[in-house]
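Report on one structure; see the data block that follows.
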Amino acid sequence: MIILGEDSQRMKDKDAQSHNISAARAVAEAVRSTLGPKGMDKMLVSSMGDVTVTNDGVTILQEMDIDNPTASMIVEVAETQEDEAGDGTTTAVAIAGELLKNAEDLLEQDIHPTAIIKGFHLASEKAREEIDNIAERVDPDDEEIVRKVAETSMTGKGAELNKELLGQLIVEAVRAVTVKADDGSNIVDLDFINIETQTGRSAGESELLNGAVIDKDPVHDDMPVDIEDAKVLLTNEPIELDETDVDAEIQLDSPDQLQAFLDSEEEELRAKVDAIEASGADVVFCQKGIDDMAQHYLAKKGILAVRRVKKSDIKFLKEVTGADIVSDLDDIDADALGTADIERDDADELFYVTGDDAHGVTLLLRGSTEHVVDELERGVGDALDVVASTISDGRVLAGGGAIEVELAKRLRDYADGVEGREQLAVEAFADSLELIPRVLAENSGLDAIDTLVDLRAAHADGQTRAGLNVFTGDVVDTFDAGVVEPAHAKEQALSSATEAANLVLKIDDIIAAGDLSTEGEEDEGGAPGGGMGGMGGMGGMGGMGGMM
Ligand code: ADP
Ligand code: MG
């Protein structure tokens with residue numbers, strides 16, 4: 001009996017599994033050459049021709065225009081990781097891909113998917129437990145260790161060249177928005193940190209400001225631009241004629257009537273400006289437009305006005321100045337105004353909005369071009385998250401593959417006690433973790449197998465923090481070498497990778513309303529540059545043997 005439409009397609013059992021695994025692995029392959037300090041960047045060109053050059057896993061996957069449903073599930077791993085931890089997106093996706101690759105081997109040995117899923121789940125739980133055992137507890141007030149976490153996160157990114165300065169700024173910024181809870185723990189609220197970018201100068205001239213930076217011009221040349229102790233009005237309403245007035249159709253019989261009509265419009269704008277003046281505001285930051293006539297009146301009254309301020313900036317100004325966002329300009333409560341010092345930087349054409357008890361800081365990142373600052377911003381964003389995580393959580397790990405090799409070792413010991421076929425899945429999970437040191441080595445031009453052998457030997461010898469120095473190829477105590485990662489990001493990477501792999505493994509039937517086979521090929525046409533070729537050949541991925 002046929003129950004599906006004519007164009008729909010169906011794939012079952014082994015076919016469905018291998019289709020899904022290939023698609024997921026193709027995604028993982030696409031990002032793994034970016035992993036680590038020596039990872040390469042990718043250049044992504046959108047259908048509109050916009051160019052992004054990045055090393056950031058989640059950015060690559062989001063820009064890649066992936067339309068295979070299984071591949072999208074892996075992209076979600078990166079997005080979850082980005083939301084929950086901020087860093088470690090490439091790691092999470094690479095591990096998810098490797099779990100599926102190893103699962104495929106088990107499936108070929110006729111091990112049932114549910115046994116694999118159970119084994120992966122057990123291994124993931126155990127790994128999280130061991131991360132907690134292995135993690136070093138550090139004093140969150142120890143600036144040096146926190147700075148190392150920031151620097152490790154920026155290694156290999158555009159931000160790396162200035163990692164000392166940026167690391168310093170990032171740590172200061174996070175400290176500025178940290179409050180101590182009653183029990184002595186730290187609570188960090190990153191909403192109070194704003195990142196602003198400026199092209200034209202070098203990254204080494206980036207700075208941290210107490211308050212906000214608004215990259216806008218005054219609406220009129222005759223307005224004051226430096227105001228101390230200014231009363232600040234924030235509004236998300238346009239200072240223009242009401243919409244209805246603009247749309248209304250009017251019939252005029254004489255020139256007098258036209259004049260009267262224009263006068264009434266003028267009157268309305270004048271009333272709005274009068275209301276602003278009456279509130280006592282010295283400066284207005286408006287999220288929408290400001291009418292030419294209103295600009296003129298505001299300038300005459302000596303009020304500084306800035307229009308089309310980004311919504312996010314208005315929100316941040318609210319934190320900095322303590323103002324409320326006013327949405328009815330005819331009825332402004334004097335309490336809604338905030339206070340701040342306004343200062344104009346003519347060279348950079350921006351306003352500094354600062355205050356003694358301003359709640360909120362701005363990281364002003366500079367770089368020579370748009371592409372440079374964009375990548376800088378992504379790198380700094382990741383570092384802010386890991387620093388926040390370290391300051392609030394206090395648990396860190398040795399990076400450079402050290403934690404993965406140690407976990408793999410402990411999981412193999414644990415596997416011995418696991419009954420049934422799940423044992424094989426736990427072992428496969430351990431093998432999958434070792435992908436990280438292998439790829440770090442490979443991306444650094446080192447021999448992946450030799451490196452892994454050396455690392456395993458060191459760990460067997462009890463050197464829990466032995467990892468790879470990617471610059472020399474030596475096995476070193478990476479914690480002492482300053483390669484330090486927050487434990488929380490690693491835990492999150494393992495959980496989301498496992499969940500995604502298990503989700504894919506549970507599927508034994510794909511029913512598609514359209515044609516499944518074209519999806520891989522469609523990507524090929526739009527695949528500019530870099531590692532996207534991997535997506536085009538999705539169907540054939542099963543044949544690629546991986547690295548070892
Ligand atoms: P992700 O998106 O997963 O964060 P990255 O490209 O940032 O990917 O690479 C992170 C990996 O690089 C981590 O395993 C980290 O330990 C490692 N790493 C970072 N700096 C160094 C270093 N100086 N030496 C060795 N490994 C490093
Ligand atoms: Mg990273």
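Letters for chains follow the order of the structure tokens (A, B, ...), residue numbers begin at 1 for each chain, and ligand numbers begin at 1 in the order shown.
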
Determine, counting only C-alpha atoms, which protein, DNA and RNA residues have an atom within 7 Å of an atom of range 423-435 of chain A; residues of the same chain fewer than 6 positions away are not included. Present the result as a PyMOL selection string. chain A and resi 95+98-99+102+116+119-120+123+404-405+408+411-412+415

Expected selection as a ChimeraX atom specification for ligand 1 within 8 Å, only C-alpha atoms and all ligand atoms: /A:34-37,39,55-58,87-92,151-157,398-402,436-437,440,467-471,478,482-485

Take the residues that were just selected and, keeping N, CA, C and O atoms, output them as a short mmCIF file (atom, residue, chain, number, x, y, z; two decimals), in the first residue's frame.
```
data_model
loop_
_atom_site.label_atom_id
_atom_site.label_comp_id
_atom_site.auth_asym_id
_atom_site.auth_seq_id
_atom_site.Cartn_x
_atom_site.Cartn_y
_atom_site.Cartn_z
N THR A 34 40.22 24.10 11.58
CA THR A 34 40.39 25.38 12.28
C THR A 34 40.78 25.18 13.74
O THR A 34 41.08 26.15 14.45
N LEU A 35 40.78 23.93 14.22
CA LEU A 35 40.98 23.70 15.66
C LEU A 35 42.39 24.05 16.11
O LEU A 35 43.37 23.67 15.48
N GLY A 36 42.45 24.72 17.24
CA GLY A 36 43.73 24.93 17.91
C GLY A 36 44.49 26.15 17.45
O GLY A 36 44.09 26.85 16.52
N PRO A 37 45.63 26.39 18.12
CA PRO A 37 46.42 27.59 17.86
C PRO A 37 46.92 27.67 16.42
O PRO A 37 47.11 28.75 15.89
N GLY A 39 45.32 26.24 13.87
CA GLY A 39 44.23 25.99 12.93
C GLY A 39 44.15 27.10 11.90
O GLY A 39 44.53 28.24 12.17
N ASN A 55 37.79 31.91 12.17
CA ASN A 55 38.33 30.67 12.71
C ASN A 55 37.30 30.08 13.67
O ASN A 55 37.51 29.03 14.27
N ASP A 56 36.18 30.73 13.81
CA ASP A 56 35.21 30.39 14.83
C ASP A 56 34.22 29.34 14.32
O ASP A 56 33.50 29.58 13.35
N GLY A 57 34.20 28.18 14.99
CA GLY A 57 33.40 27.06 14.52
C GLY A 57 31.95 27.41 14.26
O GLY A 57 31.40 27.14 13.19
N VAL A 58 31.32 28.03 15.24
CA VAL A 58 29.88 28.28 15.10
C VAL A 58 29.60 29.29 13.99
O VAL A 58 28.63 29.16 13.24
N ASP A 87 32.65 29.18 24.14
CA ASP A 87 33.85 28.73 23.46
C ASP A 87 33.76 27.21 23.33
O ASP A 87 32.88 26.59 23.91
N GLY A 88 34.67 26.63 22.53
CA GLY A 88 34.67 25.18 22.41
C GLY A 88 33.71 24.66 21.36
O GLY A 88 33.34 23.48 21.37
N THR A 89 33.30 25.51 20.43
CA THR A 89 32.32 25.08 19.44
C THR A 89 32.92 24.08 18.45
O THR A 89 32.29 23.09 18.09
N THR A 90 34.18 24.31 18.04
CA THR A 90 34.81 23.38 17.11
C THR A 90 35.01 22.03 17.77
O THR A 90 34.74 20.98 17.18
N THR A 91 35.44 22.07 19.02
CA THR A 91 35.65 20.84 19.78
C THR A 91 34.36 20.03 19.84
O THR A 91 34.36 18.82 19.58
N ALA A 92 33.26 20.68 20.19
CA ALA A 92 31.99 19.97 20.34
C ALA A 92 31.57 19.30 19.03
O ALA A 92 31.18 18.13 19.01
N GLU A 151 43.73 34.12 27.38
CA GLU A 151 44.73 34.02 26.32
C GLU A 151 44.62 32.70 25.57
O GLU A 151 44.75 32.65 24.34
N THR A 152 44.36 31.61 26.30
CA THR A 152 44.21 30.31 25.64
C THR A 152 43.04 30.36 24.66
O THR A 152 43.12 29.87 23.54
N SER A 153 41.97 30.99 25.10
CA SER A 153 40.79 31.07 24.24
C SER A 153 41.05 31.89 22.98
O SER A 153 40.49 31.62 21.93
N MET A 154 41.93 32.89 23.08
CA MET A 154 42.19 33.73 21.92
C MET A 154 43.28 33.18 21.01
O MET A 154 43.43 33.64 19.88
N THR A 155 44.01 32.17 21.48
CA THR A 155 45.10 31.62 20.68
C THR A 155 44.58 31.07 19.36
O THR A 155 43.59 30.35 19.35
N GLY A 156 45.25 31.45 18.28
CA GLY A 156 44.83 30.94 16.97
C GLY A 156 43.77 31.80 16.31
O GLY A 156 43.36 31.54 15.19
N LYS A 157 43.31 32.83 17.02
CA LYS A 157 42.29 33.72 16.47
C LYS A 157 42.93 35.06 16.10
O LYS A 157 44.07 35.33 16.47
N ALA A 398 43.73 21.53 32.15
CA ALA A 398 44.89 21.67 31.27
C ALA A 398 44.44 21.40 29.85
O ALA A 398 43.78 20.40 29.58
N GLY A 399 44.76 22.31 28.93
CA GLY A 399 44.33 22.17 27.54
C GLY A 399 45.37 21.46 26.68
O GLY A 399 46.17 20.68 27.18
N GLY A 400 45.33 21.74 25.39
CA GLY A 400 46.28 21.12 24.47
C GLY A 400 46.11 19.61 24.40
O GLY A 400 47.06 18.87 24.20
N GLY A 401 44.88 19.13 24.57
CA GLY A 401 44.61 17.70 24.48
C GLY A 401 44.80 16.95 25.78
O GLY A 401 44.44 15.77 25.88
N ALA A 402 45.35 17.60 26.81
CA ALA A 402 45.64 16.90 28.07
C ALA A 402 44.38 16.31 28.68
O ALA A 402 44.34 15.13 29.06
N ILE A 436 40.78 15.04 19.54
CA ILE A 436 41.22 16.44 19.79
C ILE A 436 42.76 16.56 19.74
O ILE A 436 43.27 17.35 18.93
N PRO A 437 43.51 15.79 20.54
CA PRO A 437 44.97 15.90 20.39
C PRO A 437 45.46 15.53 18.99
O PRO A 437 46.42 16.11 18.49
N LEU A 440 44.82 18.53 16.83
CA LEU A 440 45.74 19.61 17.21
C LEU A 440 47.11 19.34 16.60
O LEU A 440 47.76 20.24 16.06
N GLY A 467 50.00 17.50 27.93
CA GLY A 467 49.34 17.85 26.68
C GLY A 467 50.37 18.21 25.63
O GLY A 467 51.58 18.06 25.85
N LEU A 468 49.87 18.68 24.50
CA LEU A 468 50.76 18.93 23.38
C LEU A 468 51.17 20.41 23.32
O LEU A 468 50.33 21.30 23.33
N ASN A 469 52.48 20.63 23.24
CA ASN A 469 52.96 21.96 22.89
C ASN A 469 53.00 22.00 21.37
O ASN A 469 53.87 21.41 20.74
N VAL A 470 52.02 22.67 20.79
CA VAL A 470 51.88 22.61 19.33
C VAL A 470 53.02 23.30 18.60
O VAL A 470 53.21 23.10 17.41
N PHE A 471 53.79 24.10 19.33
CA PHE A 471 54.86 24.83 18.65
C PHE A 471 56.13 24.02 18.55
O PHE A 471 56.91 24.17 17.61
N THR A 478 50.69 21.16 30.20
CA THR A 478 50.11 22.34 29.55
C THR A 478 49.53 23.33 30.57
O THR A 478 49.44 24.51 30.29
N GLY A 482 50.52 27.35 30.74
CA GLY A 482 49.54 28.43 30.59
C GLY A 482 48.43 28.15 29.60
O GLY A 482 47.70 29.05 29.20
N VAL A 483 48.30 26.88 29.18
CA VAL A 483 47.18 26.54 28.29
C VAL A 483 46.05 26.00 29.18
O VAL A 483 46.06 24.84 29.59
N VAL A 484 45.13 26.89 29.50
CA VAL A 484 44.13 26.58 30.53
C VAL A 484 42.72 26.84 30.01
O VAL A 484 42.46 27.89 29.42
N GLU A 485 41.85 25.89 30.22
CA GLU A 485 40.47 26.04 29.73
C GLU A 485 39.49 25.87 30.89
O GLU A 485 39.76 25.11 31.82
#
```

Running DSSP on the backbone, which parts of range 182-326 of chain A land in alpha helix (DSSP H), as a VMD selection string? chain A and resid 243 to 247 255 to 279 292 to 300 311 to 321

Find the residues around Ala135 in chain A up to 8 Å (only C-alpha atoms counted), leave out those fewer than 5 positions away in its own chain, and share them as a list in words.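 These residues fall inside the cut-off: Arg395, Val396, Leu397 and Ala487 of chain A.
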
Report as a ChimeraX atom specification all protein, DNA and RNA residues lying within 9 Å of Ala230 in chain A, evaluated on only C-alpha atoms, omitting residues in the same chain fewer than 6 positions from it. /A:281-283,338-342

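The smallest atom-to-atom distance between Gly97 in chain A and any of A:Val476, A:Ile66, A:Val453, A:Ala30, using only C-alpha atoms, is found for A:Ala30.
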